[in-house]
$ cat input-v3.cif   # mmCIF, C-alpha atoms and all ligand atoms
data_final
loop_
_atom_site.label_atom_id
_atom_site.label_comp_id
_atom_site.auth_asym_id
_atom_site.auth_seq_id
_atom_site.Cartn_x
_atom_site.Cartn_y
_atom_site.Cartn_z
CA MET A 127 119.64 98.25 113.94
CA ARG A 128 118.52 95.45 111.64
CA ILE A 129 120.38 94.06 108.63
CA GLY A 130 119.00 92.32 105.54
CA HIS A 131 120.27 90.74 102.34
CA GLY A 132 118.46 90.19 99.05
CA TYR A 133 119.36 88.44 95.80
CA ASP A 134 117.54 88.26 92.48
CA VAL A 135 118.17 87.27 88.91
CA HIS A 136 116.19 87.58 85.69
CA ARG A 137 116.83 86.25 82.19
CA LEU A 138 117.69 88.63 79.32
CA VAL A 139 115.34 88.27 76.36
CA PRO A 140 114.44 90.24 73.21
CA ASP A 141 111.40 92.51 73.02
CA ARG A 142 111.53 93.64 76.65
CA GLU A 143 112.64 96.99 78.06
CA LEU A 144 115.65 96.90 80.34
CA ILE A 145 114.89 98.59 83.65
CA LEU A 146 117.40 98.42 86.48
CA GLY A 147 117.35 100.34 89.72
CA GLY A 148 114.24 102.08 88.39
CA VAL A 149 116.18 103.49 85.44
CA HIS A 150 115.53 102.69 81.79
CA ILE A 151 118.73 101.40 80.14
CA PRO A 152 118.95 101.49 76.35
CA TYR A 153 119.83 97.94 75.23
CA GLU A 154 118.63 95.42 72.65
CA LEU A 155 117.52 92.96 75.36
CA GLY A 156 115.42 93.32 78.49
CA LEU A 157 114.68 91.26 81.57
CA LEU A 158 111.90 88.68 81.52
CA GLY A 159 109.48 88.61 84.43
CA HIS A 160 105.96 89.06 85.68
CA SER A 161 106.56 92.67 86.74
CA ASP A 162 109.07 94.93 84.96
CA ALA A 163 111.66 92.38 86.19
CA ASP A 164 113.94 95.00 87.75
CA ALA A 165 116.35 92.59 89.46
CA ALA A 166 118.09 95.39 91.39
CA VAL A 167 114.87 96.68 92.96
CA HIS A 168 113.72 93.11 93.65
CA ALA A 169 116.96 92.34 95.50
CA LEU A 170 116.60 95.63 97.39
CA MET A 171 113.00 94.88 98.41
CA ASP A 172 113.97 91.40 99.62
CA ALA A 173 116.78 92.92 101.69
CA LEU A 174 114.36 95.46 103.20
CA LEU A 175 111.77 92.79 103.99
CA GLY A 176 114.45 90.49 105.34
CA ALA A 177 115.78 93.17 107.66
CA ALA A 178 112.25 93.90 108.85
CA GLY A 179 111.63 90.19 109.36
CA ILE A 180 108.49 90.14 107.22
CA GLY A 181 109.20 87.58 104.52
CA ASP A 182 109.97 88.30 100.87
CA ILE A 183 108.50 89.82 97.71
CA GLY A 184 107.35 86.40 96.43
CA LYS A 185 104.90 86.31 99.33
CA LEU A 186 103.89 89.98 99.13
CA PHE A 187 103.59 90.27 95.34
CA PRO A 188 103.01 86.71 94.02
CA ASP A 189 103.47 86.28 90.26
CA SER A 190 100.19 84.35 90.23
CA ASP A 191 98.47 87.68 90.97
CA ASP A 192 97.66 89.66 87.83
CA ARG A 193 97.64 92.91 89.81
CA PHE A 194 101.43 92.75 89.58
CA LEU A 195 101.56 91.90 85.86
CA GLY A 196 103.87 94.47 84.25
CA ALA A 197 104.03 96.35 87.56
CA SER A 198 106.66 99.01 88.06
CA SER A 199 109.03 97.67 90.70
CA LEU A 200 109.37 101.22 92.05
CA ARG A 201 105.65 101.12 92.89
CA LEU A 202 106.20 97.85 94.72
CA LEU A 203 109.15 99.44 96.53
CA ASP A 204 106.78 102.22 97.66
CA ASP A 205 104.49 99.53 99.13
CA VAL A 206 107.43 97.90 100.93
CA MET A 207 108.50 101.26 102.36
CA GLU A 208 104.97 101.85 103.64
CA LEU A 209 105.10 98.48 105.43
CA LEU A 210 108.40 99.46 107.05
CA ARG A 211 107.05 102.84 108.13
CA THR A 212 104.05 101.23 109.84
CA ARG A 213 106.54 99.08 111.77
CA GLY A 214 108.58 102.10 112.85
CA LEU A 215 111.54 101.30 110.60
CA ARG A 216 113.58 103.57 108.35
CA VAL A 217 116.51 102.96 106.04
CA GLY A 218 119.98 103.59 107.44
CA ASN A 219 121.72 102.71 104.21
CA ALA A 220 121.58 100.31 101.29
CA ASP A 221 124.31 98.84 99.09
CA ILE A 222 123.38 97.19 95.81
CA THR A 223 125.62 95.25 93.43
CA ILE A 224 124.36 94.50 89.93
CA ILE A 225 126.11 91.66 88.10
CA ALA A 226 125.90 91.82 84.31
CA GLN A 227 128.31 90.98 81.52
CA ALA A 228 126.46 93.49 79.31
CA PRO A 229 125.39 96.20 78.87
CA LYS A 230 127.81 98.54 80.60
CA LEU A 231 125.97 100.03 83.56
CA SER A 232 128.48 102.28 85.30
CA ARG A 233 127.15 105.50 83.76
CA PHE A 234 123.66 104.74 85.11
CA THR A 235 124.46 103.83 88.70
CA LEU A 236 124.29 107.39 90.05
CA GLU A 237 120.83 107.89 88.59
CA MET A 238 119.78 104.55 90.12
CA SER A 239 121.06 105.70 93.54
CA ARG A 240 119.12 108.94 93.29
CA THR A 241 115.94 107.21 92.11
CA LEU A 242 116.00 104.52 94.79
CA ALA A 243 116.91 106.99 97.53
CA GLU A 244 113.94 109.15 96.59
CA HIS A 245 111.59 106.16 96.85
CA MET A 246 113.11 105.15 100.20
CA GLY A 247 112.88 108.65 101.63
CA VAL A 248 116.61 109.06 102.25
CA THR A 249 119.41 111.10 100.73
CA ALA A 250 121.30 109.58 97.79
CA ASP A 251 124.50 109.19 99.82
CA ARG A 252 122.72 106.42 101.78
CA VAL A 253 122.03 104.34 98.68
CA ASN A 254 125.06 102.97 96.87
CA VAL A 255 124.65 101.20 93.53
CA LYS A 256 127.54 99.53 91.77
CA ALA A 257 127.83 97.26 88.76
CA THR A 258 130.30 94.54 87.94
CA THR A 259 130.87 91.94 85.25
CA GLU A 260 132.07 88.44 86.02
CA GLU A 261 134.87 88.63 83.45
CA GLY A 262 132.83 86.38 81.15
CA LEU A 263 133.01 83.53 83.66
CA GLY A 264 129.45 83.68 84.90
CA GLU A 265 126.68 81.56 83.38
CA VAL A 266 124.06 83.79 85.03
CA SER A 267 125.66 87.11 84.16
CA THR A 268 126.01 86.24 80.47
CA ARG A 269 122.40 85.04 80.06
CA GLY A 270 120.74 87.36 82.53
CA ILE A 271 121.29 90.05 85.13
CA ALA A 272 121.62 89.40 88.85
CA ALA A 273 121.70 91.73 91.82
CA HIS A 274 122.61 91.57 95.48
CA ALA A 275 121.45 94.09 98.06
CA VAL A 276 122.37 94.65 101.68
CA VAL A 277 120.43 97.11 103.82
CA LEU A 278 120.54 98.43 107.32
CA LEU A 279 117.29 99.50 108.96
CA GLU A 280 116.94 101.66 112.03
CA GLU A 281 114.03 101.71 114.45
CA THR A 282 112.44 105.15 114.55
CA ALA A 283 110.35 104.53 117.66
CA PRO A 284 111.49 102.91 120.89
CA LYS A 285 108.45 100.60 120.79
CA ALA A 286 108.04 99.66 117.13
CA LYS A 287 105.11 97.41 116.37
CA ASN A 288 106.50 93.89 116.34
CA LEU A 289 104.42 91.77 113.92
MG MG A 301 112.59 89.12 90.62
#
$ encode --input "input-v3.cif" --output "C-alpha cells" --more "lines below"
Ligand code: MG
Amino acid sequence: MRIGHGYDVHRLVPDRELILGGVHIPYELGLLGHSDADAAVHALMDALLGAAGIGDIGKLFPDSDDRFLGASSLRLLDDVMELLRTRGLRVGNADITIIAQAPKLSRFTLEMSRTLAEHMGVTADRVNVKATTEEGLGEVSTRGIAAHAVVLLEETAPKAKNL
C-alpha cells in the first residue's frame, strides 16, 4: 500500500465558472487558474502522484504550457490515472476535504464522489468528499477555495514497474 497527500488553493474571482470535484456549482464567483482551477481535483491528483512517488501536477501539467489552458481537470485526472495504471497501481480509497466559506457545498459532495470515482475506476464508496467552512476565521477560505486530499494506492501486480 502507498499513501499520498495533496493540497491546493485557488482564488475566487468574478466571470469564472465554479467547478469543484468535476461538478459545476452555481455561484457568482469562480476559481482563477490556468486550467478550470478545480482545487479539489488538483489536490486529488497531487495525492495520487505523491502516493505513486512521481512528483506533482505542476511538473506534469505546467501552467506555462498552453495545452493545459482552460483544461478540464477531469481530463488531467484521466492522464494521472493512466500513469498509475502503467505502474501497476490502483486506488484503494480517497478522502477529500474542500474548505470554503461560501458557497454551501454539502448538496454537491455526493455527485463529486460519483464523478471522481468514475474517473478513477472505482466504486463511489471508495471516494469520500466532504466540505467545511472555517467559521469565517480563514483568510484563504474567505477569498478562495482550498482542498486537501489523502489517497491510498494498492499495487495490482507483484512486480510493478518502479520508475
Ligand atoms: Mg491548482
$ residues_around --input "input-v3.cif" --residues "Met238 of chain A" --least-positions-apart "2" --cutoff "8 Å" --atoms "all atoms listed in the file" --output "PDB file with C-alpha atoms, in the coordinates of the input"
ATOM      1  CA  LEU A 146     117.400  98.420  86.480  1.00  0.00           C
ATOM      2  CA  GLY A 147     117.350 100.340  89.720  1.00  0.00           C
ATOM      3  CA  GLY A 148     114.240 102.080  88.390  1.00  0.00           C
ATOM      4  CA  VAL A 149     116.180 103.490  85.440  1.00  0.00           C
ATOM      5  CA  PHE A 234     123.660 104.740  85.110  1.00  0.00           C
ATOM      6  CA  THR A 235     124.460 103.830  88.700  1.00  0.00           C
ATOM      7  CA  LEU A 236     124.290 107.390  90.050  1.00  0.00           C
ATOM      8  CA  ARG A 240     119.120 108.940  93.290  1.00  0.00           C
ATOM      9  CA  THR A 241     115.940 107.210  92.110  1.00  0.00           C
ATOM     10  CA  LEU A 242     116.000 104.520  94.790  1.00  0.00           C
ATOM     11  CA  VAL A 255     124.650 101.200  93.530  1.00  0.00           C
TER      12      VAL A 255
END
$ closest_atom_pairs --input "input-v3.cif" --of "chain A" --to "ligand MG 301 (chain A)" --cutoff "10 Å" --atoms "all atoms listed in the file" --output "CSV"
residue,atom,partner,partner_atom,distance
A:Tyr133,CA,A:MG301,MG,8.6
A:Asp134,CA,A:MG301,MG,5.4
A:Val135,CA,A:MG301,MG,6.1
A:His136,CA,A:MG301,MG,6.3
A:Arg137,CA,A:MG301,MG,9.9
A:Leu157,CA,A:MG301,MG,9.5
A:Leu158,CA,A:MG301,MG,9.1
A:Gly159,CA,A:MG301,MG,6.9
A:His160,CA,A:MG301,MG,8.3
A:Ser161,CA,A:MG301,MG,8.0
A:Asp162,CA,A:MG301,MG,8.8
A:Ala163,CA,A:MG301,MG,5.6
A:Asp164,CA,A:MG301,MG,6.7
A:Ala165,CA,A:MG301,MG,5.2
A:Ala166,CA,A:MG301,MG,8.4
A:Val167,CA,A:MG301,MG,8.2
A:His168,CA,A:MG301,MG,5.1
A:Ala169,CA,A:MG301,MG,7.3
A:Met171,CA,A:MG301,MG,9.7
A:Asp172,CA,A:MG301,MG,9.4
A:Ile183,CA,A:MG301,MG,8.2
A:Gly184,CA,A:MG301,MG,8.3
A:Asp189,CA,A:MG301,MG,9.6
A:Ser199,CA,A:MG301,MG,9.3
A:Ala272,CA,A:MG301,MG,9.2
A:Ala273,CA,A:MG301,MG,9.6
$ axis_aligned_box --input "input-v3.cif" --around "segment 260-271 of chain A" --padding-each-side "4 Å" --output "AutoDock Vina command-line options"
--center_x 127.8 --center_y 85.8 --center_z 83.0 --size_x 22.1 --size_y 16.5 --size_z 14.0
$ residues_around --input "input-v3.cif" --residues "Ala226 of chain A" --least-positions-apart "3" --cutoff "8 Å" --atoms "all atoms listed in the file" --output "PyMOL selection string"
chain A and resi 229-230+257-260+267-268+270-272
$ atom_distance --input "input-v3.cif" --atom1 "atom CA of Ala220 of chain A" --atom2 "atom CA of Val276 of chain A"
5.7 Å
$ atom_distance --input "input-v3.cif" --atom1 "atom CA of Asn219 of chain A" --atom2 "atom CA of Arg252 of chain A"
4.5 Å
$ atom_distance --input "input-v3.cif" --atom1 "atom CA of Ile225 of chain A" --atom2 "atom CA of His131 of chain A"
15.4 Å
$ closest_residue --input "input-v3.cif" --among "A:Gln227, A:Glu208, A:Glu280, A:Glu237" --to "Glu261 of chain A" --atoms "all atoms listed in the file"
A:Gln227
$ closest_residue --input "input-v3.cif" --among "A:Arg211, A:Glu154, A:Lys256, A:Leu144" --to "Ala178 of chain A" --atoms "only C-alpha atoms"
A:Arg211
$ closest_residue --input "input-v3.cif" --among "A:His274, A:Leu186, A:Ala228, A:His150" --to "Ser198 of chain A" --atoms "only C-alpha atoms"
A:His150
$ closest_residue --input "input-v3.cif" --among "A:Arg128, A:His245, A:Arg233, A:Lys185" --to "Arg201 of chain A" --atoms "only C-alpha atoms"
A:His245
$ decode --input "input-v3.cif" --residues "segment 131-235 of chain A" --atoms "C-alpha atoms" --output "compact mmCIF listing (two decimals), in the first residue's frame"
# COMPACT_ATOMS: atom_id res chain seq x y z
CA HIS A 131 -1.48 13.74 0.42
CA GLY A 132 -2.33 16.71 -1.79
CA TYR A 133 -3.27 20.33 -1.10
CA ASP A 134 -4.39 23.10 -3.44
CA VAL A 135 -5.97 26.51 -3.31
CA HIS A 136 -7.34 28.90 -5.91
CA ARG A 137 -8.63 32.45 -5.65
CA LEU A 138 -12.35 33.23 -6.17
CA VAL A 139 -12.94 35.84 -8.86
CA PRO A 140 -15.87 37.12 -10.95
CA ASP A 141 -16.52 35.94 -14.50
CA ARG A 142 -15.29 32.38 -13.96
CA GLU A 143 -17.31 29.18 -13.64
CA LEU A 144 -17.03 27.38 -10.34
CA ILE A 145 -16.06 23.74 -10.86
CA LEU A 146 -15.22 21.56 -7.88
CA GLY A 147 -14.72 17.84 -7.83
CA GLY A 148 -15.62 17.88 -11.52
CA VAL A 149 -19.07 19.29 -10.75
CA HIS A 150 -20.37 22.68 -11.88
CA ILE A 151 -21.54 24.70 -8.86
CA PRO A 152 -23.89 27.62 -9.48
CA TYR A 153 -22.28 30.67 -7.82
CA GLU A 154 -21.49 34.28 -8.72
CA LEU A 155 -17.73 33.68 -8.45
CA GLY A 156 -15.41 31.04 -9.86
CA LEU A 157 -11.85 29.91 -9.29
CA LEU A 158 -8.99 31.60 -11.10
CA GLY A 159 -6.36 29.39 -12.72
CA HIS A 160 -4.68 28.21 -15.88
CA SER A 161 -6.92 25.14 -16.18
CA ASP A 162 -10.51 25.09 -14.90
CA ALA A 163 -8.89 25.64 -11.46
CA ASP A 164 -10.73 22.75 -9.80
CA ALA A 165 -8.86 22.84 -6.48
CA ALA A 166 -10.42 19.55 -5.30
CA VAL A 167 -9.27 17.60 -8.36
CA HIS A 168 -5.85 19.27 -8.21
CA ALA A 169 -5.40 18.21 -4.57
CA LEU A 170 -6.57 14.71 -5.51
CA MET A 171 -4.11 14.45 -8.41
CA ASP A 172 -1.23 15.62 -6.21
CA ALA A 173 -2.17 12.99 -3.63
CA LEU A 174 -2.26 10.28 -6.32
CA LEU A 175 1.09 11.36 -7.77
CA GLY A 176 2.57 11.66 -4.29
CA ALA A 177 1.47 8.15 -3.38
CA ALA A 178 2.92 6.85 -6.63
CA GLY A 179 6.15 8.74 -5.98
CA ILE A 180 6.09 10.52 -9.34
CA GLY A 181 6.13 14.21 -8.48
CA ASP A 182 3.21 16.63 -8.74
CA ILE A 183 0.81 18.22 -11.23
CA GLY A 184 2.98 21.36 -11.54
CA LYS A 185 5.62 19.17 -13.18
CA LEU A 186 3.20 17.10 -15.27
CA PHE A 187 0.90 19.91 -16.42
CA PRO A 188 2.94 23.15 -16.17
CA ASP A 189 0.90 26.37 -16.40
CA SER A 190 3.50 27.66 -18.88
CA ASP A 191 2.13 25.06 -21.32
CA ASP A 192 -0.84 26.34 -23.33
CA ARG A 193 -2.05 22.76 -23.91
CA PHE A 194 -3.45 22.97 -20.39
CA LEU A 195 -5.03 26.42 -20.79
CA GLY A 196 -8.68 26.05 -19.75
CA ALA A 197 -8.20 22.29 -19.47
CA SER A 198 -10.81 20.20 -17.72
CA SER A 199 -9.17 18.89 -14.56
CA LEU A 200 -11.10 15.63 -15.03
CA ARG A 201 -9.17 15.12 -18.29
CA LEU A 202 -5.93 15.67 -16.41
CA LEU A 203 -7.12 13.21 -13.76
CA ASP A 204 -7.62 10.65 -16.56
CA ASP A 205 -3.98 11.20 -17.57
CA VAL A 206 -2.82 10.73 -13.97
CA MET A 207 -4.83 7.50 -13.69
CA GLU A 208 -3.22 6.21 -16.88
CA LEU A 209 0.22 6.88 -15.38
CA LEU A 210 -0.76 4.93 -12.26
CA ARG A 211 -2.11 2.02 -14.31
CA THR A 212 1.16 1.73 -16.26
CA ARG A 213 2.92 1.48 -12.89
CA GLY A 214 0.61 -1.27 -11.67
CA LEU A 215 -1.19 0.92 -9.15
CA ARG A 216 -4.89 1.25 -8.40
CA VAL A 217 -6.87 3.39 -5.98
CA GLY A 218 -7.78 1.82 -2.65
CA ASN A 219 -9.64 4.87 -1.44
CA ALA A 220 -9.54 8.65 -1.46
CA ASP A 221 -10.74 11.23 1.07
CA ILE A 222 -11.10 14.85 0.01
CA THR A 223 -11.89 17.86 2.18
CA ILE A 224 -12.91 21.12 0.50
CA ILE A 225 -12.54 24.27 2.60
CA ALA A 226 -14.78 27.16 1.57
CA GLN A 227 -16.65 29.82 3.47
CA ALA A 228 -19.09 30.05 0.54
CA PRO A 229 -20.94 28.76 -1.37
CA LYS A 230 -22.52 25.90 0.54
CA LEU A 231 -21.22 22.69 -1.00
CA SER A 232 -22.76 19.88 1.02
CA ARG A 233 -25.51 19.14 -1.50
CA PHE A 234 -22.90 18.62 -4.24
CA THR A 235 -20.44 16.33 -2.47
